[in-house]
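The structure file my_file29.cif is reproduced below (mmCIF, C-alpha atoms).
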data_query
loop_
_atom_site.label_atom_id
_atom_site.label_comp_id
_atom_site.auth_asym_id
_atom_site.auth_seq_id
_atom_site.Cartn_x
_atom_site.Cartn_y
_atom_site.Cartn_z
CA MET A 1 82.19 127.91 249.76
CA LYS A 2 79.70 130.05 251.65
CA LEU A 3 79.32 133.50 250.08
CA ALA A 4 77.62 136.71 251.13
CA ILE A 5 76.93 139.65 248.80
CA LEU A 6 77.30 143.31 249.75
CA GLY A 7 76.10 145.73 247.09
CA GLY A 8 76.32 149.50 247.11
CA SER A 9 77.54 152.57 245.34
CA PHE A 10 80.93 152.52 247.13
CA ASN A 11 81.26 156.15 246.12
CA PRO A 12 83.86 155.99 247.65
CA ILE A 13 84.40 152.79 249.60
CA HIS A 14 85.06 153.57 253.27
CA LEU A 15 85.92 151.79 256.49
CA GLY A 16 82.25 151.35 257.35
CA HIS A 17 81.77 149.09 254.31
CA LEU A 18 84.75 146.94 255.28
CA PHE A 19 83.63 146.81 258.90
CA LEU A 20 80.22 145.43 257.88
CA ALA A 21 81.80 142.82 255.57
CA ASP A 22 84.22 141.75 258.29
CA THR A 23 81.41 141.53 260.85
CA VAL A 24 79.38 139.22 258.60
CA LEU A 25 82.42 137.01 258.04
CA ALA A 26 83.08 136.77 261.77
CA GLU A 27 79.53 136.49 263.07
CA LEU A 28 77.98 134.19 260.45
CA HIS A 29 81.07 132.27 259.35
CA TYR A 30 80.89 132.96 255.63
CA ASP A 31 84.02 132.16 253.64
CA ARG A 32 83.94 135.28 251.47
CA VAL A 33 82.00 138.50 250.93
CA VAL A 34 81.51 139.70 247.35
CA LEU A 35 81.44 143.49 247.04
CA VAL A 36 79.29 144.53 244.06
CA PRO A 37 79.58 148.21 243.09
CA ALA A 38 76.45 149.45 241.33
CA TYR A 39 76.63 151.20 237.98
CA GLN A 40 73.69 153.31 239.12
CA SER A 41 72.21 152.67 242.55
CA PRO A 42 68.39 152.44 242.55
CA PHE A 43 68.49 154.01 246.02
CA LYS A 44 70.68 156.94 244.97
CA LEU A 45 69.42 157.98 241.55
CA THR A 46 70.43 161.59 242.22
CA ALA A 47 73.97 160.71 243.38
CA PRO A 48 76.55 162.72 241.43
CA ASP A 49 78.39 161.24 238.46
CA MET A 50 77.78 157.58 239.33
CA GLU A 51 78.01 156.33 235.74
CA ASN A 52 81.06 158.41 234.84
CA ASN A 53 83.12 157.34 237.84
CA ALA A 54 82.29 153.62 237.69
CA ASP A 55 85.89 152.62 236.93
CA ASP A 56 87.19 154.85 239.73
CA ARG A 57 84.79 153.28 242.25
CA LEU A 58 85.76 149.81 241.05
CA ALA A 59 89.46 150.63 241.35
CA MET A 60 89.05 152.03 244.87
CA ALA A 61 87.12 148.97 246.04
CA ALA A 62 89.72 146.64 244.55
CA ALA A 63 92.58 148.62 246.10
CA ALA A 64 90.93 148.65 249.53
CA ILE A 65 90.94 144.84 249.84
CA ALA A 66 94.46 144.10 248.58
CA GLY A 67 95.88 140.89 249.99
CA ASN A 68 92.60 139.87 251.65
CA PRO A 69 91.33 136.59 250.15
CA ARG A 70 88.09 136.73 252.14
CA LEU A 71 86.87 139.78 250.22
CA THR A 72 86.43 140.15 246.49
CA VAL A 73 84.98 142.71 244.07
CA ASP A 74 82.67 141.77 241.21
CA ASP A 75 81.95 144.19 238.36
CA CYS A 76 78.81 142.47 237.02
CA GLU A 77 76.51 145.47 237.61
CA ILE A 78 78.98 147.91 236.10
CA ARG A 79 79.33 145.71 233.02
CA ARG A 80 75.54 145.43 232.84
CA GLU A 81 75.18 149.25 233.09
CA GLY A 82 71.97 151.04 233.99
CA VAL A 83 70.08 150.24 237.20
CA SER A 84 70.54 146.58 238.09
CA TYR A 85 67.92 144.51 239.86
CA THR A 86 69.21 142.60 242.88
CA ILE A 87 67.56 139.39 241.68
CA ASP A 88 69.65 139.47 238.47
CA THR A 89 72.86 140.01 240.43
CA ILE A 90 72.10 137.11 242.77
CA LYS A 91 71.39 134.79 239.84
CA ASP A 92 74.64 135.85 238.16
CA ILE A 93 76.70 135.33 241.33
CA ILE A 94 75.17 131.89 241.90
CA ARG A 95 75.81 130.87 238.28
CA ARG A 96 79.48 131.82 238.29
CA TYR A 97 80.57 131.31 241.91
CA MET A 98 78.49 128.17 242.58
CA PRO A 99 78.31 128.82 246.35
CA GLU A 100 77.54 126.22 248.96
CA GLY A 101 73.88 126.72 249.91
CA LYS A 102 72.12 130.04 249.52
CA PRO A 103 74.31 133.14 249.34
CA GLY A 104 73.74 135.77 252.00
CA LEU A 105 72.45 139.17 250.92
CA ILE A 106 73.62 141.96 253.24
CA ILE A 107 71.27 144.95 253.53
CA GLY A 108 71.33 147.84 255.95
CA ASP A 109 68.52 148.39 258.43
CA ASP A 110 67.93 151.74 256.69
CA LEU A 111 66.69 149.79 253.64
CA ALA A 112 65.29 146.69 255.34
CA ALA A 113 61.72 147.97 255.84
CA GLU A 114 61.40 148.65 252.11
CA PHE A 115 62.69 145.23 251.06
CA PRO A 116 59.22 143.74 250.32
CA LEU A 117 58.82 146.46 247.68
CA TRP A 118 62.00 145.48 245.85
CA HIS A 119 61.66 143.99 242.37
CA ARG A 120 60.74 140.29 242.73
CA SER A 121 61.54 140.29 246.43
CA ASP A 122 59.79 136.94 246.85
CA GLU A 123 62.28 135.35 244.44
CA ILE A 124 65.17 136.98 246.30
CA LEU A 125 63.93 135.37 249.52
CA ALA A 126 63.84 131.99 247.78
CA MET A 127 67.39 132.34 246.46
CA ALA A 128 69.25 134.17 249.24
CA ASP A 129 69.41 134.49 253.01
CA ILE A 130 68.74 138.08 254.04
CA ILE A 131 71.27 139.52 256.52
CA VAL A 132 70.21 142.80 258.11
CA VAL A 133 73.05 144.87 259.56
CA ARG A 134 72.84 148.05 261.57
CA ARG A 135 73.64 151.27 259.76
CA GLN A 136 71.48 153.42 262.00
CA ASP A 137 71.55 153.74 265.76
CA SER A 138 68.58 151.40 266.26
CA ASN A 139 68.01 148.18 268.17
CA GLY A 140 66.53 146.24 265.28
CA ARG A 141 63.06 146.23 263.81
CA GLN A 142 60.30 143.71 263.36
CA LEU A 143 60.38 142.72 259.70
CA PRO A 144 57.70 140.72 257.86
CA TYR A 145 60.09 138.29 256.15
CA PRO A 146 62.74 135.72 257.17
CA HIS A 147 66.10 137.29 257.94
CA MET A 148 69.16 137.20 260.16
CA HIS A 149 69.97 140.30 262.20
CA ILE A 150 73.45 141.32 263.32
CA ALA A 151 73.59 143.72 266.25
CA ASN A 152 76.85 145.26 265.11
CA GLU A 153 78.24 148.54 266.33
CA VAL A 154 77.21 151.49 264.17
CA MET A 155 80.00 153.32 262.36
CA ALA A 156 78.57 156.74 261.57
CA ILE A 157 80.16 157.03 258.13
CA SER A 158 78.49 157.59 254.78
CA SER A 159 79.99 158.01 251.33
CA GLY A 160 78.17 161.34 251.02
CA GLN A 161 79.86 162.64 254.16
CA VAL A 162 83.23 161.46 252.87
CA ARG A 163 82.71 163.22 249.53
CA GLN A 164 81.73 166.40 251.33
CA LYS A 165 84.78 166.30 253.57
CA ILE A 166 87.08 165.70 250.58
CA ALA A 167 85.61 168.68 248.73
CA GLN A 168 86.06 170.88 251.81
CA ALA A 169 89.54 169.68 252.71
CA ASP A 170 92.43 172.08 252.40
CA GLY A 171 95.03 169.92 254.14
CA GLN A 172 94.90 172.00 257.31
CA THR A 173 91.30 172.20 258.54
CA ALA A 174 90.66 169.47 261.10
CA ASP A 175 86.86 169.68 260.59
CA SER A 176 87.18 168.53 256.99
CA ALA A 177 89.63 165.67 257.63
CA TRP A 178 88.60 162.58 255.69
CA HIS A 179 91.56 160.28 255.26
CA HIS A 180 90.91 158.41 258.52
CA LEU A 181 87.55 157.29 257.03
CA VAL A 182 88.90 155.72 253.82
CA PRO A 183 91.33 152.78 253.34
CA ALA A 184 94.83 154.03 252.53
CA ALA A 185 94.98 152.52 249.04
CA ALA A 186 91.67 154.15 248.12
CA GLN A 187 92.98 157.46 249.51
CA ALA A 188 95.86 157.31 247.05
CA ILE A 189 93.49 156.84 244.10
CA ILE A 190 91.34 159.78 245.24
CA ALA A 191 94.43 161.98 245.51
CA ASP A 192 96.09 160.81 242.29
CA ARG A 193 92.93 161.17 240.20
CA GLY A 194 91.61 164.32 241.88
CA LEU A 195 88.27 162.71 242.72
CA TYR A 196 85.38 164.41 244.54
CA GLY A 197 86.92 167.84 244.18
CA PHE A 198 90.13 166.82 245.91
CA ALA A 199 92.57 169.70 245.91
CA GLY A 200 94.37 169.45 249.22
CA ALA A 201 97.31 167.46 250.41
CA PRO A 202 96.11 165.13 253.17
CA SER A 203 98.56 162.96 255.01
CA LEU A 204 98.80 159.64 253.18
CA GLU A 205 101.25 158.02 255.53
CA GLY A 206 101.14 154.29 255.03
CA ALA A 207 99.39 154.60 251.66
CA PRO A 208 100.78 152.77 248.64
CA SER A 209 103.07 154.52 246.19
CA LYS A 210 101.33 156.56 243.52
CA ALA A 211 100.23 155.28 240.16
CA GLY A 212 103.09 155.01 237.71
CA ALA A 213 105.66 154.59 240.45
CA PRO A 214 104.88 151.43 242.41
CA SER A 215 107.37 150.26 244.97
CA LEU A 216 108.88 147.19 243.34
CA GLU A 217 111.58 146.21 245.76
CA GLY A 218 110.75 143.58 248.34
CA ALA A 219 112.64 141.56 250.88
CA PRO A 220 113.73 138.12 249.66
CA SER A 221 110.85 135.68 249.96
CA LYS A 222 111.45 132.50 251.90
CA ALA A 223 110.74 129.00 250.68
CA GLY A 224 107.53 128.98 252.72
CA ALA A 225 104.61 131.39 252.72
CA PRO A 226 105.34 134.89 251.38
CA SER A 227 104.90 137.85 253.66
CA LYS A 228 101.64 139.75 253.52
CA SER A 229 103.54 142.96 252.73
CA LEU A 230 105.15 141.31 249.68
CA ILE A 231 101.78 140.11 248.39
CA ILE A 232 100.26 143.57 248.83
CA ARG A 233 103.19 145.24 247.03
CA VAL A 234 102.86 142.86 244.11
CA GLU A 235 99.09 143.35 244.02
CA GLU A 236 99.45 147.13 244.03
CA ALA A 237 101.96 147.00 241.17
CA VAL A 238 99.65 144.74 239.14
CA ARG A 239 96.63 146.96 239.81
CA GLU A 240 98.51 150.09 238.76
CA SER A 241 99.87 148.59 235.54
CA LEU A 242 96.75 146.80 234.21
CA SER A 243 93.30 147.95 233.19
CA ILE A 244 90.71 147.44 235.90
CA GLU A 245 89.13 144.56 233.95
CA ARG A 246 92.46 142.78 233.56
CA PHE A 247 93.30 143.43 237.21
CA LEU A 248 90.02 141.89 238.37
CA HIS A 249 90.86 138.83 236.27
CA SER A 250 94.24 138.58 238.02
CA ARG A 251 92.65 138.89 241.44
CA ASN A 252 90.02 136.29 240.57
CA VAL A 253 92.81 133.93 239.53
CA ALA A 254 94.54 134.60 242.87
CA LEU A 255 91.36 133.85 244.81
CA MET A 256 90.57 130.65 242.92
CA ALA A 257 94.18 129.51 243.40
CA TRP A 258 93.95 130.29 247.12
CA ASP A 259 90.73 128.30 247.39
CA LEU A 260 92.12 125.33 245.45
CA CYS A 261 95.32 125.22 247.48
CA ARG A 262 93.38 125.29 250.74
CA ARG A 263 91.16 122.41 249.69
CA LEU A 264 93.87 120.30 248.09
CA GLN A 265 96.29 120.63 251.02
CA SER A 266 94.40 117.87 252.80
CA ALA A 267 93.91 115.79 249.66
CA GLY A 268 97.44 114.66 248.89
CA HIS A 269 99.14 118.00 248.22
CA PRO A 270 100.38 119.29 251.61
CA ASN A 271 102.88 121.64 249.94
CA LEU A 272 100.20 123.64 248.15
CA ASP A 273 100.35 126.76 250.30
CA PRO A 274 97.36 129.10 249.75
CA GLU A 275 99.51 132.22 250.14
CA LEU A 276 101.87 131.03 247.41
CA GLY A 277 98.84 130.29 245.25
CA TYR A 278 97.54 133.83 245.82
CA LEU A 279 100.94 135.35 245.01
CA ALA A 280 101.34 133.37 241.78
CA GLY A 281 97.76 134.15 240.79
CA ILE A 282 97.97 137.89 241.36
CA ALA A 283 101.34 138.09 239.55
CA HIS A 284 100.61 135.84 236.55
CA ASP A 285 99.82 138.75 234.17
CA LEU A 286 102.37 141.21 235.55
CA GLY A 287 104.08 141.31 232.14
CA LYS A 288 100.85 141.66 230.14
CA PRO A 289 101.21 145.41 229.38
CA LEU A 290 104.77 145.10 228.00
CA ASN A 291 105.54 145.71 224.35
CA GLU A 292 107.27 143.16 222.11
CA LYS A 293 110.74 144.59 222.63
CA GLU A 294 110.35 144.51 226.41
CA LEU A 295 108.99 140.95 226.34
CA PHE A 296 111.88 139.60 224.26
CA SER A 297 114.40 141.45 226.42
CA LEU A 298 113.00 140.02 229.66
CA VAL A 299 112.62 136.39 228.61
CA LYS A 300 116.27 136.23 227.63
CA ASN A 301 116.86 136.11 231.38
CA ASP A 302 115.06 132.81 231.97
CA GLY A 303 117.56 130.74 229.97
CA LYS A 304 114.93 129.07 227.77
CA GLU A 305 114.58 129.13 224.01
CA ILE A 306 111.99 131.27 222.29
CA SER A 307 109.83 129.08 220.05
CA SER A 308 108.81 129.99 216.53
CA LEU A 309 105.23 130.43 217.73
CA GLU A 310 106.39 132.82 220.46
CA LYS A 311 108.39 134.77 217.88
CA ASP A 312 105.29 135.06 215.72
CA LYS A 313 103.02 135.87 218.69
CA PRO A 314 105.17 137.65 221.30
CA SER A 315 102.16 138.14 223.58
CA LEU A 316 102.52 134.44 224.46
CA LEU A 317 105.73 135.40 226.27
CA HIS A 318 103.93 137.45 228.91
CA GLY A 319 103.87 134.55 231.41
CA ARG A 320 107.62 134.02 231.17
CA ALA A 321 108.17 137.78 231.35
CA SER A 322 105.94 137.99 234.41
CA ALA A 323 108.06 135.35 236.16
CA VAL A 324 111.24 137.27 235.36
CA LEU A 325 109.71 140.51 236.68
CA LEU A 326 108.59 138.76 239.85
CA LYS A 327 112.12 137.49 240.41
CA LYS A 328 114.05 140.64 239.44
CA ARG A 329 111.82 143.36 240.86
CA PHE A 330 110.32 141.63 243.88
CA ASN A 331 113.16 139.24 244.68
CA VAL A 332 110.86 136.21 244.60
CA HIS A 333 112.89 133.01 244.18
CA ASN A 334 110.30 130.34 245.00
CA GLU A 335 110.64 127.96 242.05
CA ALA A 336 107.07 126.67 242.28
CA VAL A 337 105.70 130.23 242.06
CA LEU A 338 107.97 131.20 239.18
CA GLU A 339 107.08 128.02 237.26
CA ALA A 340 103.36 128.59 237.83
CA VAL A 341 103.53 132.16 236.54
CA ALA A 342 105.71 131.26 233.54
CA LEU A 343 103.57 128.33 232.38
CA HIS A 344 100.05 129.62 233.01
CA THR A 345 99.24 130.21 229.33
CA GLY A 346 100.37 127.07 227.54
CA GLY A 347 101.58 124.76 230.29
CA GLY A 348 104.50 122.36 229.97
CA ARG A 349 105.65 118.79 230.58
CA ASN A 350 106.06 117.73 234.23
CA MET A 351 104.30 120.79 235.67
CA GLY A 352 104.30 120.96 239.44
CA PRO A 353 101.08 121.09 241.48
CA LEU A 354 101.09 124.88 241.91
CA ALA A 355 101.61 125.39 238.15
CA LYS A 356 98.58 123.20 237.50
CA VAL A 357 96.53 125.20 240.00
CA ILE A 358 97.36 128.52 238.30
CA TYR A 359 96.67 127.06 234.84
CA ILE A 360 93.24 125.92 236.08
CA ALA A 361 92.45 129.22 237.79
CA ASP A 362 93.47 131.30 234.76
CA LYS A 363 91.01 129.43 232.54
CA MET A 364 88.14 128.93 235.02
CA GLU A 365 87.96 132.02 237.29
CA VAL A 366 84.58 133.65 237.74
CA SER A 367 84.92 136.46 235.19
CA ARG A 368 85.50 133.93 232.38
CA GLU A 369 81.95 134.06 231.05
CA LYS A 370 82.48 131.24 228.54
CA ALA A 371 83.96 128.78 231.03
CA ASP A 372 82.17 125.42 230.92
CA PRO A 373 79.93 125.26 234.04
CA ALA A 374 80.47 121.50 234.36
CA ILE A 375 84.25 121.93 234.47
CA ARG A 376 84.00 124.91 236.81
CA LYS A 377 81.96 122.70 239.14
CA LEU A 378 84.85 120.21 239.15
CA VAL A 379 87.14 123.04 240.25
CA TYR A 380 84.84 123.93 243.13
CA THR A 381 84.06 120.42 244.32
CA LYS A 382 86.67 117.79 243.37
CA ASP A 383 89.86 116.98 245.26
CA ASN A 384 91.74 115.24 242.43
CA LEU A 385 94.11 117.87 241.03
CA ASP A 386 95.06 115.92 237.90
CA LYS A 387 91.43 115.17 237.06
CA ILE A 388 90.58 118.87 237.26
CA PHE A 389 93.73 119.90 235.40
CA PHE A 390 93.30 117.59 232.44
CA ALA A 391 89.60 118.45 232.13
CA VAL A 392 90.58 122.13 231.89
CA LEU A 393 93.45 121.35 229.49
CA GLU A 394 91.28 119.33 227.12
CA ASP A 395 88.57 121.98 227.17
CA ASN A 396 91.13 124.69 226.35
CA VAL A 397 92.67 122.61 223.56
CA SER A 398 89.22 122.02 222.04
CA TRP A 399 88.60 125.77 222.07
CA LEU A 400 91.98 126.52 220.46
CA ARG A 401 91.41 123.95 217.74
CA ALA A 402 87.90 125.22 217.07
CA LYS A 403 89.46 128.66 216.52
CA LYS A 404 92.12 127.02 214.27
CA LEU A 405 94.88 128.37 216.51
CA VAL A 406 98.32 126.78 216.71
CA LEU A 407 99.04 124.90 219.92
CA SER A 408 102.14 125.92 221.85
CA ASN A 409 105.04 123.56 222.44
CA GLY A 410 104.09 123.42 226.10
CA THR A 411 100.53 122.36 225.30
CA LEU A 412 101.70 119.78 222.75
CA SER A 413 104.12 118.41 225.34
CA LEU A 414 101.32 118.14 227.87
CA LEU A 415 99.11 116.28 225.41
CA GLU A 416 101.91 113.89 224.53
CA GLY A 417 102.58 113.19 228.20
CA ARG A 418 98.88 112.65 228.74
CA ARG A 419 98.75 110.16 225.83
CA LEU A 420 101.75 108.20 227.10
CA SER A 421 100.36 107.99 230.62
CA LYS A 422 97.11 106.36 229.51
#

Would you mind writing the file's structure down as structure tokens?
Amino acid sequence: MKLAILGGSFNPIHLGHLFLADTVLAELHYDRVVLVPAYQSPFKLTAPDMENNADDRLAMAAAAIAGNPRLTVDDCEIRREGVSYTIDTIKDIIRRYMPEGKPGLIIGDDLAAEFPLWHRSDEILAMADIIVVRRQDSNGRQLPYPHMHIANEVMAISSGQVRQKIAQADGQTADSAWHHLVPAAAQAIIADRGLYGFAGAPSLEGAPSKAGAPSLEGAPSKAGAPSKSLIIRVEEAVRESLSIERFLHSRNVALMAWDLCRRLQSAGHPNLDPELGYLAGIAHDLGKPLNEKELFSLVKNDGKEISSLEKDKPSLLHGRASAVLLKKRFNVHNEAVLEAVALHTGGGRNMGPLAKVIYIADKMEVSREKADPAIRKLVYTKDNLDKIFFAVLEDNVSWLRAKKLVLSNGTLSLLEGRRLSK
């Protein structure tokens, strides 16, 4: 997969950021752009409250790209804290994402002239392809280093201008209107959390429902690909119910599942639809925040017994509960999706292809720091689903046994089936 990296403060994310990412995808044929919000931008050391609103900026960026598998958000610089060097971020992205060839590094022409002064810029040039995009009304500049230049249209938007307009807005003054500059889902977060001095009541037509009250009713999903609106509704509900770290895990699972399904479709699994993979991936932890009483109440609806291990560790029921929620609240009846969500933790005998994909993605997605790089490489490069699946299963079982944890009935059943098939 060809990746490009777009870093920034995203304080807040606005349509100009998304326009640049989309332009790079279209013009240079990358498969995905990774948005990397800075904990503290080295170019904006005086920007207000950057460290204190890191989770808000992360949440807005994640909300702005809901349902779009060609964009993702990575929190590596926020987890690292302080001012991050670009070279460290590139190394981290390469290590976890294992891109095809060099990743692209997107920088604005307002910063391009200073690039040779960046920390270890010579190493950056060796590891990444520099992509210069227009952020100023210029026709390009002569630069003393290899780069690609995109002559994109200039969208005269800056996060500072957006913040100023939000602070000035009173819901009536046209001069201070800001909501046409920010993606609708990010608007809702700004309004709900009172960010940037928000005190007005801008029109949020088309924005998602507010936190704590997600719209959970969807039209019945067909046997084929789910509608984009259904996927976005599920994603919004997941984002609003989970911590930002847990949500990013869910979205990373969705993206890895989407990628696997796309690749495996032409390798003997034509029914692995990427949109179904994304839906199952984004929904797999929908029941994670539920308490024990809620978990037990929900899983009674799936008609399966509750094992002694699940009674002792009710958190293991969250996959089954997530499947029930997906069916009851979103009217999703695709059996492959429901099975994949229900079995993602411990697996089960005779799992279908989509269930195997979600099991793999849950254990191997890019935020899993302890994932075995050799097995992750299998996920990115091999076309044999069972080979990948059993490598992930055996690795997970080894980890569980090293921790002296009891294996679930589903995992034991998988191991027994594996033994009999040899």

List the spatial neighbours of Val36 of chain A as a PyMOL selection string - criterion: any atom at most 9 Å away, only C-alpha atoms, same-chain residues fewer than 5 positions off excluded. chain A and resi 5-10+58+72-78+89

Since I can't run it myself right now, could you work out what the PyMOL selection byres ((chain A and resi 397) around 12) selects here and report it as a compact mmCIF listing (two decimals) with C-alpha atoms, keeping the file's coordinate frame?
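See out.txt below for the written result:
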# COMPACT_ATOMS: atom_id res chain seq x y z
CA THR A 345 99.24 130.21 229.33
CA GLY A 346 100.37 127.07 227.54
CA GLY A 347 101.58 124.76 230.29
CA LYS A 363 91.01 129.43 232.54
CA PHE A 390 93.30 117.59 232.44
CA ALA A 391 89.60 118.45 232.13
CA VAL A 392 90.58 122.13 231.89
CA LEU A 393 93.45 121.35 229.49
CA GLU A 394 91.28 119.33 227.12
CA ASP A 395 88.57 121.98 227.17
CA ASN A 396 91.13 124.69 226.35
CA SER A 398 89.22 122.02 222.04
CA TRP A 399 88.60 125.77 222.07
CA LEU A 400 91.98 126.52 220.46
CA ARG A 401 91.41 123.95 217.74
CA ALA A 402 87.90 125.22 217.07
CA LYS A 403 89.46 128.66 216.52
CA LYS A 404 92.12 127.02 214.27
CA LEU A 405 94.88 128.37 216.51
CA VAL A 406 98.32 126.78 216.71
CA LEU A 407 99.04 124.90 219.92
CA SER A 408 102.14 125.92 221.85
CA GLY A 410 104.09 123.42 226.10
CA THR A 411 100.53 122.36 225.30
CA LEU A 412 101.70 119.78 222.75
CA LEU A 414 101.32 118.14 227.87
CA LEU A 415 99.11 116.28 225.41

Which residues, named as in the file, does the PyMOL selection byres ((chain A and resi 186) around 12) pick out? Answer as a CSV table (one decimal) with C-alpha atoms, in the frame of the given file.
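Contents of expr-v6.csv, as written:
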chain,number,residue,atom,x,y,z
A,10,PHE,CA,80.9,152.5,247.1
A,11,ASN,CA,81.3,156.2,246.1
A,12,PRO,CA,83.9,156.0,247.6
A,13,ILE,CA,84.4,152.8,249.6
A,14,HIS,CA,85.1,153.6,253.3
A,15,LEU,CA,85.9,151.8,256.5
A,56,ASP,CA,87.2,154.8,239.7
A,57,ARG,CA,84.8,153.3,242.2
A,58,LEU,CA,85.8,149.8,241.0
A,59,ALA,CA,89.5,150.6,241.4
A,60,MET,CA,89.0,152.0,244.9
A,61,ALA,CA,87.1,149.0,246.0
A,62,ALA,CA,89.7,146.6,244.6
A,63,ALA,CA,92.6,148.6,246.1
A,64,ALA,CA,90.9,148.6,249.5
A,65,ILE,CA,90.9,144.8,249.8
A,66,ALA,CA,94.5,144.1,248.6
A,178,TRP,CA,88.6,162.6,255.7
A,179,HIS,CA,91.6,160.3,255.3
A,180,HIS,CA,90.9,158.4,258.5
A,181,LEU,CA,87.6,157.3,257.0
A,182,VAL,CA,88.9,155.7,253.8
A,183,PRO,CA,91.3,152.8,253.3
A,184,ALA,CA,94.8,154.0,252.5
A,185,ALA,CA,95.0,152.5,249.0
A,187,GLN,CA,93.0,157.5,249.5
A,188,ALA,CA,95.9,157.3,247.0
A,189,ILE,CA,93.5,156.8,244.1
A,190,ILE,CA,91.3,159.8,245.2
A,191,ALA,CA,94.4,162.0,245.5
A,192,ASP,CA,96.1,160.8,242.3
A,193,ARG,CA,92.9,161.2,240.2
A,194,GLY,CA,91.6,164.3,241.9
A,195,LEU,CA,88.3,162.7,242.7
A,204,LEU,CA,98.8,159.6,253.2
A,206,GLY,CA,101.1,154.3,255.0
A,207,ALA,CA,99.4,154.6,251.7
A,208,PRO,CA,100.8,152.8,248.6
A,209,SER,CA,103.1,154.5,246.2
A,210,LYS,CA,101.3,156.6,243.5
A,211,ALA,CA,100.2,155.3,240.2
A,236,GLU,CA,99.4,147.1,244.0

Atom pair atom CA of Asn331 of chain A + atom CA of Lys311 of chain A, distance 27.6 Å

Selection result of the PyMOL selection byres ((chain A and resi 269) around 12) on this file, as a PyMOL selection string: chain A and resi 260-268+270-274+352-354+356-357+383-386

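Using only C-alpha atoms, the shortest contact distance between Ala169 of chain A and any of A:Leu290, A:Ala199, A:Leu28, A:Ile358 is found at A:Ala199.
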
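Atom pair atom CA of Glu153 of chain A / atom CA of Ala21 of chain A has a distance of 12.7 Å (rounded to one decimal).
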
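If you measure from each of A:Ala151, A:Ser367, A:His119, A:Asn52 to Glu245 of chain A using all atoms listed in the file, the closest one turns out to be A:Ser367.
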
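In this comparison, which uses all atoms listed in the file, the residue of A:Ile150, A:Ile232, A:Leu343, A:Leu295 approaching Arg134 of chain A most closely is A:Ile150.
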
One number please: atom CA of Asn291 of chain A to atom CA of Val324 of chain A, in Å, one decimal.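 Atom-to-atom, atom CA of Asn291 of chain A and atom CA of Val324 of chain A are spaced 15.0 Å apart.
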
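Among the candidates A:Ala112, A:Ile282, A:Val337, A:Val253, the residue lying nearest to Ile360 of chain A is A:Val253 (atoms considered: only C-alpha atoms).
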
Show which residues sit within 8 Å of Val234 of chain A, as a count of residues only. Count only C-alpha atoms, and ignore same-chain residues fewer than 3 positions away. 9
